[in-house]
file final.cif (mmCIF, C-alpha atoms (C1' of nucleotides))
data_my_file
#
loop_
_atom_site.label_atom_id
_atom_site.label_comp_id
_atom_site.auth_asym_id
_atom_site.auth_seq_id
_atom_site.Cartn_x
_atom_site.Cartn_y
_atom_site.Cartn_z
CA MET A 134 45.27 98.50 -11.85
CA GLU A 135 42.45 96.56 -10.26
CA LYS A 136 39.73 96.96 -12.81
CA GLY A 137 42.24 95.70 -15.35
CA VAL A 138 42.76 92.26 -13.88
CA GLU A 139 39.04 91.93 -13.27
CA THR A 140 37.97 92.42 -16.87
CA ARG A 141 40.95 90.41 -17.99
CA GLU A 142 39.58 87.55 -15.96
CA LYS A 143 36.14 88.10 -17.42
CA ILE A 144 37.54 87.98 -20.93
CA LEU A 145 39.51 84.81 -20.30
CA ASN A 146 36.51 83.16 -18.73
CA ALA A 147 34.31 83.91 -21.71
CA ALA A 148 37.04 82.86 -24.12
CA MET A 149 37.49 79.59 -22.26
CA HIS A 150 33.83 78.76 -22.65
CA MET A 151 33.91 79.59 -26.33
CA VAL A 152 37.00 77.49 -26.85
CA ARG A 153 35.36 74.58 -25.10
CA GLU A 154 32.48 74.69 -27.50
CA ASN A 155 34.13 75.32 -30.81
CA GLY A 156 37.80 74.52 -30.39
CA LEU A 157 40.91 76.62 -30.01
CA ASP A 158 41.11 77.51 -33.65
CA SER A 159 37.76 79.18 -33.79
CA LEU A 160 38.59 81.71 -31.09
CA THR A 161 38.29 85.22 -32.41
CA ILE A 162 38.98 88.57 -30.80
CA GLY A 163 35.85 90.08 -32.27
CA GLU A 164 33.56 87.31 -31.08
CA THR A 165 35.18 87.31 -27.66
CA ALA A 166 34.56 91.05 -27.40
CA LYS A 167 30.93 90.52 -28.31
CA GLN A 168 30.54 87.90 -25.60
CA VAL A 169 31.86 90.15 -22.85
CA GLY A 170 30.19 93.26 -24.26
CA MET A 171 33.20 95.34 -25.09
CA SER A 172 34.89 96.66 -28.18
CA LYS A 173 37.35 94.64 -30.19
CA SER A 174 40.20 97.00 -29.37
CA GLY A 175 39.23 96.92 -25.72
CA VAL A 176 39.85 93.20 -25.67
CA PHE A 177 42.90 93.47 -27.88
CA ALA A 178 44.53 95.94 -25.49
CA HIS A 179 44.72 93.25 -22.84
CA PHE A 180 46.65 90.86 -25.06
CA GLU A 181 49.16 92.03 -27.56
CA SER A 182 48.10 89.54 -30.21
CA ARG A 183 45.64 86.80 -30.97
CA ASP A 184 48.24 84.14 -30.20
CA GLU A 185 48.88 85.75 -26.85
CA LEU A 186 45.17 85.64 -26.10
CA LEU A 187 45.05 81.99 -27.10
CA LEU A 188 48.05 81.22 -24.93
CA ASN A 189 46.42 82.91 -21.96
CA VAL A 190 43.19 81.04 -22.52
CA ILE A 191 45.12 77.78 -22.52
CA GLU A 192 46.86 78.74 -19.30
CA PHE A 193 43.58 79.86 -17.77
CA THR A 194 41.92 76.59 -18.71
CA ALA A 195 44.84 74.59 -17.38
CA GLN A 196 44.51 76.40 -14.08
CA ASP A 197 40.82 75.54 -14.00
CA PHE A 198 41.72 71.92 -14.65
CA LYS A 199 44.23 72.00 -11.82
CA VAL A 200 41.69 73.33 -9.34
CA GLN A 201 38.77 71.18 -10.42
CA VAL A 202 40.61 67.93 -11.00
CA PHE A 203 44.13 67.74 -9.65
CA ASP A 204 43.78 69.65 -6.39
CA ARG A 205 40.60 67.82 -5.47
CA ALA A 206 42.09 64.42 -6.23
CA MET A 207 45.08 65.29 -4.07
CA GLN A 208 42.82 65.49 -1.07
CA HIS A 209 42.10 61.79 -1.38
CA ASN A 210 44.30 59.10 0.09
CA ARG A 211 47.37 58.08 -1.85
CA GLY A 212 47.13 55.10 -4.16
CA LEU A 213 44.07 53.49 -5.62
CA GLU A 214 41.62 55.80 -3.94
CA ARG A 215 43.30 58.82 -5.47
CA ILE A 216 43.41 57.16 -8.87
CA HIS A 217 39.68 56.62 -8.79
CA ALA A 218 39.16 60.20 -7.64
CA LEU A 219 41.29 61.47 -10.51
CA SER A 220 39.20 59.45 -12.91
CA ARG A 221 35.92 60.81 -11.56
CA TYR A 222 36.96 64.46 -11.48
CA TRP A 223 38.67 64.31 -14.83
CA LEU A 224 35.70 62.72 -16.50
CA ARG A 225 33.36 65.29 -15.03
CA TRP A 226 35.58 68.21 -15.97
CA SER A 227 36.25 67.17 -19.54
CA ASN A 228 32.64 66.33 -20.14
CA GLN A 229 30.75 69.35 -18.91
CA PRO A 230 27.53 70.03 -20.77
CA SER A 231 28.76 73.51 -21.65
CA GLY A 232 31.51 72.03 -23.78
CA GLY A 233 34.28 69.50 -24.03
CA CYS A 234 37.96 69.58 -23.27
CA PRO A 235 39.88 72.10 -25.35
CA PHE A 236 43.11 70.20 -24.82
CA MET A 237 41.79 67.13 -26.56
CA SER A 238 40.51 68.91 -29.63
CA GLY A 239 43.52 71.20 -29.58
CA ALA A 240 45.91 68.29 -29.46
CA PHE A 241 44.52 66.92 -32.70
CA GLU A 242 44.14 70.32 -34.33
CA PHE A 243 47.69 71.42 -33.69
CA ASP A 244 49.68 68.20 -33.84
CA ASP A 245 50.98 69.15 -37.27
CA ARG A 246 51.30 72.90 -36.75
CA PRO A 247 54.54 74.03 -35.11
CA GLY A 248 54.39 77.18 -33.04
CA VAL A 249 53.77 78.55 -29.59
CA ILE A 250 50.26 77.14 -29.39
CA ARG A 251 51.43 73.65 -30.11
CA ASP A 252 54.24 74.05 -27.58
CA ALA A 253 51.79 75.06 -24.90
CA LEU A 254 49.57 72.10 -25.68
CA VAL A 255 52.51 69.71 -25.54
CA LYS A 256 53.44 71.06 -22.16
CA HIS A 257 50.00 70.50 -20.72
CA GLU A 258 49.44 67.10 -22.27
CA LYS A 259 52.75 66.01 -20.83
CA SER A 260 51.73 67.25 -17.43
CA VAL A 261 48.49 65.29 -17.63
CA HIS A 262 50.45 62.20 -18.55
CA ASP A 263 52.76 62.83 -15.60
CA ILE A 264 49.86 63.16 -13.21
CA TRP A 265 48.68 59.68 -14.11
CA GLU A 266 52.12 58.17 -14.19
CA ARG A 267 52.87 59.55 -10.74
CA ALA A 268 49.51 58.41 -9.41
CA ALA A 269 50.39 54.91 -10.58
CA LYS A 270 53.85 55.07 -9.02
CA ILE A 271 52.29 56.03 -5.73
CA ALA A 272 50.01 53.01 -6.00
CA VAL A 273 53.15 50.92 -6.42
CA GLU A 274 54.70 52.48 -3.35
CA GLU A 275 51.52 51.78 -1.43
CA LYS A 276 51.84 48.18 -2.54
CA GLU A 277 48.49 48.23 -4.27
CA PHE A 278 50.01 48.00 -7.75
CA LYS A 279 52.59 45.37 -8.62
CA GLU A 280 56.21 46.32 -8.04
CA ASP A 281 57.03 46.00 -11.72
CA ALA A 282 53.92 47.79 -12.92
CA ASP A 283 54.52 49.80 -16.08
CA CYS A 284 53.29 53.19 -14.94
CA LYS A 285 53.87 54.86 -18.26
CA GLN A 286 51.81 52.23 -19.98
CA PHE A 287 49.14 52.78 -17.36
CA ALA A 288 49.00 56.50 -18.10
CA TYR A 289 48.92 55.87 -21.84
CA GLU A 290 45.98 53.51 -21.61
CA VAL A 291 43.99 55.66 -19.22
CA PHE A 292 44.46 58.52 -21.61
CA GLY A 293 43.15 56.48 -24.50
CA ASN A 294 40.15 55.49 -22.46
CA ILE A 295 39.22 59.12 -21.81
CA LEU A 296 39.64 59.98 -25.48
CA SER A 297 37.50 57.11 -26.63
CA PHE A 298 34.88 57.96 -24.03
CA HIS A 299 34.70 61.46 -25.41
CA ILE A 300 34.01 60.25 -28.92
CA TYR A 301 31.40 57.74 -27.86
CA LYS A 302 29.69 60.11 -25.45
CA ARG A 303 29.83 63.51 -27.13
CA LEU A 304 29.97 62.62 -30.80
CA LEU A 305 28.18 59.30 -31.07
CA ASN A 306 25.82 59.96 -28.14
CA ASP A 307 26.25 56.35 -27.14
CA VAL A 308 24.25 55.71 -23.99
CA LYS A 309 26.70 53.00 -23.00
CA ALA A 310 29.71 55.31 -23.11
CA GLY A 311 29.95 55.53 -19.33
CA GLN A 312 29.78 51.78 -18.99
CA LEU A 313 32.39 51.23 -21.68
CA TYR A 314 34.65 53.67 -19.88
CA ASN A 315 34.23 51.99 -16.51
CA VAL A 316 34.86 48.50 -17.80
CA CYS A 317 37.97 49.67 -19.63
CA PHE A 318 39.21 51.56 -16.60
CA GLN A 319 38.73 48.54 -14.39
CA ASN A 320 40.52 46.34 -16.91
CA ILE A 321 43.53 48.63 -16.93
CA ILE A 322 43.68 48.78 -13.16
CA SER A 323 43.23 45.04 -12.71
CA ARG A 324 46.28 44.34 -14.81
CA HIS A 325 48.39 46.45 -12.49
CA LEU A 326 47.01 45.24 -9.17
CA LYS A 327 49.20 43.23 -6.88
CA MET B 97 32.01 66.15 -68.96
CA GLU B 98 35.26 64.30 -68.61
CA LYS B 99 37.61 67.09 -67.80
CA GLY B 100 35.18 68.01 -65.06
CA VAL B 101 35.51 64.87 -62.99
CA GLU B 102 39.25 64.91 -63.48
CA THR B 103 39.80 68.37 -61.99
CA ARG B 104 37.17 67.62 -59.40
CA GLU B 105 39.30 64.70 -58.30
CA LYS B 106 42.38 66.92 -58.32
CA ILE B 107 40.64 69.45 -56.12
CA LEU B 108 39.44 66.85 -53.64
CA ASN B 109 42.85 65.28 -53.48
CA ALA B 110 44.52 68.59 -52.68
CA ALA B 111 41.82 69.46 -50.18
CA MET B 112 42.24 66.10 -48.47
CA HIS B 113 45.92 66.73 -47.97
CA MET B 114 45.27 70.18 -46.58
CA VAL B 115 42.62 68.87 -44.24
CA ARG B 116 44.98 66.21 -42.99
CA GLU B 117 47.51 68.81 -42.05
CA ASN B 118 45.42 71.55 -40.54
CA GLY B 119 42.06 70.06 -39.72
CA LEU B 120 38.65 70.23 -41.35
CA ASP B 121 37.88 73.66 -40.03
CA SER B 122 40.80 75.33 -41.70
CA LEU B 123 39.78 74.28 -45.18
CA THR B 124 39.21 77.28 -47.40
CA ILE B 125 38.05 77.59 -50.96
CA GLY B 126 40.64 80.23 -51.73
CA GLU B 127 43.53 78.26 -50.34
CA THR B 128 42.34 75.11 -52.08
CA ALA B 129 42.23 77.01 -55.36
CA LYS B 130 45.76 78.21 -54.81
CA GLN B 131 46.96 74.67 -54.21
CA VAL B 132 45.52 73.33 -57.45
CA GLY B 133 46.38 76.48 -59.41
CA MET B 134 42.93 77.64 -60.35
CA SER B 135 40.69 80.55 -59.52
CA LYS B 136 38.47 80.64 -56.48
CA SER B 137 35.33 80.62 -58.57
CA GLY B 138 36.70 77.77 -60.64
CA VAL B 139 36.83 75.64 -57.53
CA PHE B 140 33.56 76.99 -56.22
CA ALA B 141 31.74 76.00 -59.39
CA HIS B 142 32.40 72.35 -58.63
CA PHE B 143 30.74 72.51 -55.22
CA GLU B 144 27.78 74.69 -54.54
CA SER B 145 29.02 75.75 -51.13
CA ARG B 146 31.90 75.43 -48.71
CA ASP B 147 29.98 72.88 -46.64
CA GLU B 148 29.40 70.83 -49.76
CA LEU B 149 33.12 70.91 -50.48
CA LEU B 150 33.86 69.83 -46.94
CA LEU B 151 31.32 67.03 -47.19
CA ASN B 152 32.89 65.81 -50.41
CA VAL B 153 36.36 65.94 -48.89
CA ILE B 154 35.12 63.82 -46.00
CA GLU B 155 33.60 61.32 -48.41
CA PHE B 156 36.73 61.30 -50.53
CA THR B 157 38.90 60.70 -47.49
CA ALA B 158 36.60 57.96 -46.26
CA GLN B 159 36.92 56.27 -49.61
CA ASP B 160 40.69 56.47 -49.35
CA PHE B 161 40.44 54.90 -45.91
CA LYS B 162 38.28 52.13 -47.28
CA VAL B 163 40.76 51.28 -50.01
CA GLN B 164 43.92 51.61 -47.96
CA VAL B 165 42.69 50.00 -44.76
CA PHE B 166 39.45 48.08 -44.98
CA ASP B 167 39.77 46.49 -48.39
CA ARG B 168 43.32 45.38 -47.73
CA ALA B 169 42.45 43.90 -44.36
CA MET B 170 39.60 42.00 -45.95
CA GLN B 171 42.10 40.07 -48.03
CA HIS B 172 43.48 38.50 -44.88
CA ASN B 173 42.01 35.45 -43.25
CA ARG B 174 39.01 35.87 -40.99
CA GLY B 175 39.58 36.28 -37.29
CA LEU B 176 42.74 37.22 -35.46
CA GLU B 177 44.84 37.55 -38.56
CA ARG B 178 42.45 40.07 -40.03
CA ILE B 179 42.30 41.96 -36.76
CA HIS B 180 46.06 42.34 -36.77
CA ALA B 181 45.98 43.40 -40.39
CA LEU B 182 43.36 46.03 -39.63
CA SER B 183 45.53 47.37 -36.85
CA ARG B 184 48.60 47.62 -39.06
CA TYR B 185 46.88 49.24 -42.02
CA TRP B 186 44.87 51.61 -39.86
CA LEU B 187 47.92 52.73 -37.94
CA ARG B 188 49.83 53.36 -41.12
CA TRP B 189 47.00 55.23 -42.78
CA SER B 190 46.18 57.51 -39.88
CA ASN B 191 49.80 58.26 -39.22
CA GLN B 192 51.16 59.24 -42.59
CA PRO B 193 53.99 61.77 -42.47
CA SER B 194 52.01 64.10 -44.72
CA GLY B 195 49.39 64.52 -42.04
CA GLY B 196 47.15 62.84 -39.50
CA CYS B 197 43.64 61.53 -39.59
CA PRO B 198 41.03 64.20 -40.32
CA PHE B 199 38.32 62.10 -38.70
CA MET B 200 40.03 62.17 -35.34
CA SER B 201 40.61 65.90 -35.23
CA GLY B 202 37.22 66.48 -36.83
CA ALA B 203 35.48 64.35 -34.26
CA PHE B 204 36.75 66.56 -31.47
CA GLU B 205 36.28 69.78 -33.40
CA PHE B 206 32.67 69.14 -34.28
CA ASP B 207 31.35 67.17 -31.33
CA ASP B 208 29.54 70.25 -30.08
CA ARG B 209 28.53 71.73 -33.41
CA PRO B 210 25.33 70.34 -34.91
CA GLY B 211 25.07 70.33 -38.68
CA VAL B 212 25.77 68.34 -41.79
CA ILE B 213 29.50 68.12 -41.11
CA ARG B 214 28.97 66.63 -37.70
CA ASP B 215 26.42 64.21 -39.14
CA ALA B 216 28.91 63.02 -41.73
CA LEU B 217 31.58 62.52 -39.09
CA VAL B 218 29.20 60.57 -36.89
CA LYS B 219 28.37 58.30 -39.78
CA HIS B 220 31.99 57.50 -40.48
CA GLU B 221 33.05 57.09 -36.87
CA LYS B 222 30.19 54.68 -36.43
CA SER B 223 31.29 52.73 -39.45
CA VAL B 224 34.81 52.51 -38.07
CA HIS B 225 33.42 51.24 -34.80
CA ASP B 226 31.36 48.69 -36.70
CA ILE B 227 34.38 47.46 -38.61
CA TRP B 228 36.11 46.60 -35.36
CA GLU B 229 33.05 45.17 -33.71
CA ARG B 230 32.42 42.91 -36.68
CA ALA B 231 36.04 41.88 -36.83
CA ALA B 232 35.76 40.82 -33.20
CA LYS B 233 32.53 38.95 -33.83
CA ILE B 234 34.21 37.04 -36.61
CA ALA B 235 36.99 36.11 -34.21
CA VAL B 236 34.32 34.73 -31.92
CA GLU B 237 32.83 32.72 -34.75
CA GLU B 238 36.25 31.40 -35.57
CA LYS B 239 36.53 30.34 -31.93
CA GLU B 240 39.61 32.45 -31.38
CA PHE B 241 37.80 34.90 -29.10
CA LYS B 242 35.70 33.72 -26.18
CA GLU B 243 32.03 33.03 -26.90
CA ASP B 244 30.91 35.72 -24.49
CA ALA B 245 33.47 38.28 -25.65
CA ASP B 246 32.14 41.83 -25.50
CA CYS B 247 32.81 42.93 -29.06
CA LYS B 248 31.56 46.43 -28.55
CA GLN B 249 33.90 46.87 -25.62
CA PHE B 250 36.67 45.53 -27.82
CA ALA B 251 36.00 48.14 -30.50
CA TYR B 252 35.79 50.92 -27.91
CA GLU B 253 39.16 50.05 -26.41
CA VAL B 254 40.93 49.60 -29.72
CA PHE B 255 39.64 53.01 -30.70
CA GLY B 256 41.02 54.56 -27.54
CA ASN B 257 44.35 52.94 -28.19
CA ILE B 258 44.61 54.52 -31.63
CA LEU B 259 43.65 57.92 -30.28
CA SER B 260 46.18 57.77 -27.49
CA PHE B 261 48.85 56.60 -29.92
CA HIS B 262 48.18 59.63 -32.05
CA ILE B 263 48.72 62.02 -29.19
CA TYR B 264 51.88 60.32 -27.98
CA LYS B 265 53.32 59.94 -31.44
CA ARG B 266 52.34 63.08 -33.29
CA LEU B 267 51.98 65.63 -30.53
CA LEU B 268 54.35 64.45 -27.82
CA ASN B 269 56.84 62.85 -30.23
CA ASP B 270 57.23 60.02 -27.78
CA VAL B 271 59.65 57.47 -29.21
CA LYS B 272 57.90 54.74 -27.27
CA ALA B 273 54.51 55.46 -28.79
CA GLY B 274 54.63 52.42 -31.02
CA GLN B 275 55.58 50.18 -28.15
CA LEU B 276 52.84 51.59 -25.92
CA TYR B 277 50.36 50.93 -28.70
CA ASN B 278 51.46 47.36 -29.24
CA VAL B 279 51.40 46.45 -25.57
CA CYS B 280 47.94 47.96 -25.19
CA PHE B 281 46.67 46.21 -28.29
CA GLN B 282 47.97 42.89 -27.07
CA ASN B 283 46.38 43.45 -23.67
CA ILE B 284 43.00 44.09 -25.23
CA ILE B 285 43.23 41.03 -27.43
CA SER B 286 44.45 38.78 -24.65
CA ARG B 287 41.41 39.54 -22.56
CA HIS B 288 39.16 38.31 -25.36
CA LEU B 289 41.10 35.22 -26.36
CA LYS B 290 39.62 31.84 -25.71
"C1'" DT C 166 34.94 71.88 -88.51
"C1'" DA C 167 30.88 74.35 -86.50
"C1'" DT C 168 28.38 74.80 -82.48
"C1'" DA C 169 26.18 73.90 -78.22
"C1'" DA C 170 27.62 72.76 -73.59
"C1'" DA C 171 30.57 72.71 -69.94
"C1'" DA C 172 34.42 74.51 -67.35
"C1'" DT C 173 36.88 78.20 -65.66
"C1'" DA C 174 38.18 83.04 -64.80
"C1'" DG C 175 37.22 87.83 -63.43
"C1'" DC C 176 35.13 90.88 -60.65
"C1'" DA C 177 32.24 92.70 -56.89
"C1'" DC C 178 29.64 92.39 -52.51
"C1'" DG C 179 29.37 92.54 -47.56
"C1'" DA C 180 31.38 90.41 -43.52
"C1'" DT C 181 34.99 89.40 -40.61
"C1'" DC C 182 39.73 88.70 -39.58
"C1'" DG C 183 44.13 90.73 -36.83
"C1'" DT C 184 46.27 94.83 -35.81
"C1'" DG C 185 47.65 99.43 -35.54
"C1'" DC C 186 46.67 104.59 -34.11
"C1'" DT C 187 44.18 108.17 -31.75
"C1'" DA C 188 40.80 109.91 -28.75
"C1'" DT C 189 37.79 109.49 -24.86
"C1'" DA C 190 36.33 107.63 -20.53
"C1'" DT C 191 37.34 105.59 -16.21
"C1'" DT C 192 40.12 104.68 -12.42
"C1'" DG C 193 43.12 105.19 -8.32
"C1'" DA C 194 46.82 108.06 -5.74
"C1'" DG C 195 48.16 112.38 -3.85
"C1'" DC D 262 39.06 117.13 -5.65
"C1'" DT D 263 42.94 116.86 -9.04
"C1'" DC D 264 45.38 114.80 -12.20
"C1'" DA D 265 48.32 111.41 -14.04
"C1'" DA D 266 47.74 106.65 -15.26
"C1'" DT D 267 45.13 103.21 -17.04
"C1'" DA D 268 41.39 101.17 -19.55
"C1'" DT D 269 38.36 101.24 -23.23
"C1'" DA D 270 36.26 102.83 -27.56
"C1'" DG D 271 36.34 104.39 -32.37
"C1'" DC D 272 38.04 104.14 -36.68
"C1'" DA D 273 40.88 102.65 -40.58
"C1'" DC D 274 43.94 99.38 -43.07
"C1'" DG D 275 44.74 95.46 -45.98
"C1'" DA D 276 43.67 90.61 -46.25
"C1'" DT D 277 40.66 86.91 -46.65
"C1'" DC D 278 36.30 84.73 -46.13
"C1'" DG D 279 31.91 82.64 -48.84
"C1'" DT D 280 29.10 83.53 -52.55
"C1'" DG D 281 26.87 85.47 -56.34
"C1'" DC D 282 26.96 87.23 -61.49
"C1'" DT D 283 28.86 87.72 -65.98
"C1'" DA D 284 32.40 86.84 -69.41
"C1'" DT D 285 35.54 83.97 -71.64
"C1'" DT D 286 37.81 79.89 -72.62
"C1'" DT D 287 37.89 75.01 -73.29
"C1'" DT D 288 35.71 70.75 -74.29
"C1'" DA D 289 32.76 67.25 -76.50
"C1'" DT D 290 29.32 66.43 -80.02
"C1'" DA D 291 26.91 66.51 -84.48
#
call {"tool": "encode", "arguments": {"input": "final.cif", "output": "structure tokens"}}
result
Amino acid sequence: MEKGVETREKILNAAMHMVRENGLDSLTIGETAKQVGMSKSGVFAHFESRDELLLNVIEFTAQDFKVQVFDRAMQHNRGLERIHALSRYWLRWSNQPSGGCPFMSGAFEFDDRPGVIRDALVKHEKSVHDIWERAAKIAVEEKEFKEDADCKQFAYEVFGNILSFHIYKRLLNDVKAGQLYNVCFQNIISRHLK
Amino acid sequence: MEKGVETREKILNAAMHMVRENGLDSLTIGETAKQVGMSKSGVFAHFESRDELLLNVIEFTAQDFKVQVFDRAMQHNRGLERIHALSRYWLRWSNQPSGGCPFMSGAFEFDDRPGVIRDALVKHEKSVHDIWERAAKIAVEEKEFKEDADCKQFAYEVFGNILSFHIYKRLLNDVKAGQLYNVCFQNIISRHLK
DNA sequence: TATAAAATAGCACGATCGTGCTATATTGAG
DNA sequence: CTCAATATAGCACGATCGTGCTATTTTATA
């Protein structure tokens, strides 16, 4: 019962990388097996269906996001400093050379397709929104943001900034993508400052 | 040679609707054939490959965008009025109940996958960016925007706003999505006003 | 209306998909 | 070391994929 969890981890890790490159939809049991060097049924035995595999990959990726982005940001001081940390870590995580953010592509792929995959994506996108909304609320408490700052609006706009950055950076290869992101980010923050 | 273009149109129209619902990647010759009630090879004969079909669907959709969004906005007065028209028409087009915007999902699906499909998407995303940048420049000429307004930054931020709106509206079903969009849009514009 | 041209269908191919079932190989507990 | 439990492989299944090739049907022209 130890070897099991180890290869399971190996499978999920490989699947995560594949999903980051080609999107959730393109994940295949056969191709995953090939990547980790096992048989199709060997991989299948760990997950009772393709959907279950996909769900586990999503969970696995979300955990990676938590460790790489959220947990690290939490080690920074409350308020503005943490907000900037979140921005840095998030940008780095969702823009790794090995592949983009599967939640972004997934969100657009599955927005019209009801089912367990969509539900899982909704859950995680909501949690990302909440992270930013809470970070803003803390900035209000710390009296760095205005008392009447609209924290939901803040989260919404930060989210849009990340999405736009992704398009300009990864699709359009715009060399100014980083600059566009920073200016936008600063604009959003400025509007909420005390 | 007349029947040909007619069914060709019928095929592309059906394919566009399918692509809007399930994303570019999920488009299949067989399923397309089923939708229009012909044989697989009947559909195939019109396009020499699946990629060619996909390319034509993209072009067809882009043309629809041009008619429904760009051309209509161009009938409005130069400057701010046209910018607001663009926003309205674009929002409506990319948020039809029948399905979302294939360029958005496609952009995230194909950002890491070199090839003709990606190239086509880059071309159209660039043209969308240009539409907004030019609209902003016109607003500068009309002396509604500041002389030193950063029109590229304007386009970048408007783009992010649309993307974020899509997630909040279509995926999260957030009832405040429209309001979040409007506030953000107004914020962006305000910063560029004279 | 006859006939060449164009459009569509039918069928076959190898590949891959998800998913069962059965057998073998590997592991960990006594 | 033994042996039950677990993990993995092998194989088969129907379905669907993209793509050829060959008929047949439909269209437009002379």
call {"tool": "resolve_selection", "arguments": {"input": "final.cif", "expression": "the PyMOL selection byres ((chain D and resi 274) around 9)", "output": "JSON, numbers by chain"}}
result
{"C": [184, 185], "D": [273, 275]}
call {"tool": "interface_residues", "arguments": {"input": "final.cif", "of": "chain C", "to": "chain B", "cutoff": "10 Å", "atoms": "all atoms listed in the file", "output": "PyMOL selection string"}}
result
chain C and resi 170-175
call {"tool": "resolve_selection", "arguments": {"input": "final.cif", "expression": "the PyMOL selection byres ((chain D) within 10 of (chain A))", "output": "list in words"}}
result
DA266, DT267, DA268, DT269, DA270 and DG271 of chain D
call {"tool": "closest_residue", "arguments": {"input": "final.cif", "among": "B:Glu238, B:Glu102, B:Asp270, B:Glu144", "to": "chain A", "atoms": "all atoms listed in the file"}}
result
B:Asp270
call {"tool": "resolve_selection", "arguments": {"input": "final.cif", "expression": "the PyMOL selection byres ((chain A and resi 285) around 12)", "output": "JSON, numbers by chain"}}
result
{"A": [259, 261, 262, 263, 264, 265, 266, 267, 268, 269, 270, 281, 282, 283, 284, 286, 287, 288, 289, 290, 291, 292, 325], "B": [264, 270, 272, 273, 275, 276, 277, 279, 280]}
call {"tool": "write_last_selection", "arguments": {"input": "final.cif", "atoms": "C-alpha atoms", "output": "CSV table (one decimal), in the frame of the given file"}}
result
chain,number,residue,atom,x,y,z
A,259,LYS,CA,52.8,66.0,-20.8
A,261,VAL,CA,48.5,65.3,-17.6
A,262,HIS,CA,50.4,62.2,-18.6
A,263,ASP,CA,52.8,62.8,-15.6
A,264,ILE,CA,49.9,63.2,-13.2
A,265,TRP,CA,48.7,59.7,-14.1
A,266,GLU,CA,52.1,58.2,-14.2
A,267,ARG,CA,52.9,59.6,-10.7
A,268,ALA,CA,49.5,58.4,-9.4
A,269,ALA,CA,50.4,54.9,-10.6
A,270,LYS,CA,53.8,55.1,-9.0
A,281,ASP,CA,57.0,46.0,-11.7
A,282,ALA,CA,53.9,47.8,-12.9
A,283,ASP,CA,54.5,49.8,-16.1
A,284,CYS,CA,53.3,53.2,-14.9
A,286,GLN,CA,51.8,52.2,-20.0
A,287,PHE,CA,49.1,52.8,-17.4
A,288,ALA,CA,49.0,56.5,-18.1
A,289,TYR,CA,48.9,55.9,-21.8
A,290,GLU,CA,46.0,53.5,-21.6
A,291,VAL,CA,44.0,55.7,-19.2
A,292,PHE,CA,44.5,58.5,-21.6
A,325,HIS,CA,48.4,46.4,-12.5
B,264,TYR,CA,51.9,60.3,-28.0
B,270,ASP,CA,57.2,60.0,-27.8
B,272,LYS,CA,57.9,54.7,-27.3
B,273,ALA,CA,54.5,55.5,-28.8
B,275,GLN,CA,55.6,50.2,-28.2
B,276,LEU,CA,52.8,51.6,-25.9
B,277,TYR,CA,50.4,50.9,-28.7
B,279,VAL,CA,51.4,46.4,-25.6
B,280,CYS,CA,47.9,48.0,-25.2
call {"tool": "interface_residues", "arguments": {"input": "final.cif", "of": "chain B", "to": "chain A", "cutoff": "8 Å", "atoms": "all atoms listed in the file", "output": "number ranges by chain"}}
result
B: 117-119, 195-196, 200-201, 203-209, 218, 221-222, 249, 252-253, 255-261, 263, 266-268, 276, 280
call {"tool": "atom_distance", "arguments": {"input": "final.cif", "atom1": "CA of Val165 in chain B", "atom2": "CA of Ser183 in chain B"}}
result
8.8 Å
call {"tool": "residues_near_point", "arguments": {"input": "final.cif", "point": "(46.2, 34.0, -33.5)", "cutoff": "10 Å", "atoms": "all atoms listed in the file", "output": "list in words"}}
result
Gly175, Leu176, Glu177, Arg178, Ile179, His180, Ala235, Glu240, Phe241, Ile285 and Leu289 of chain B
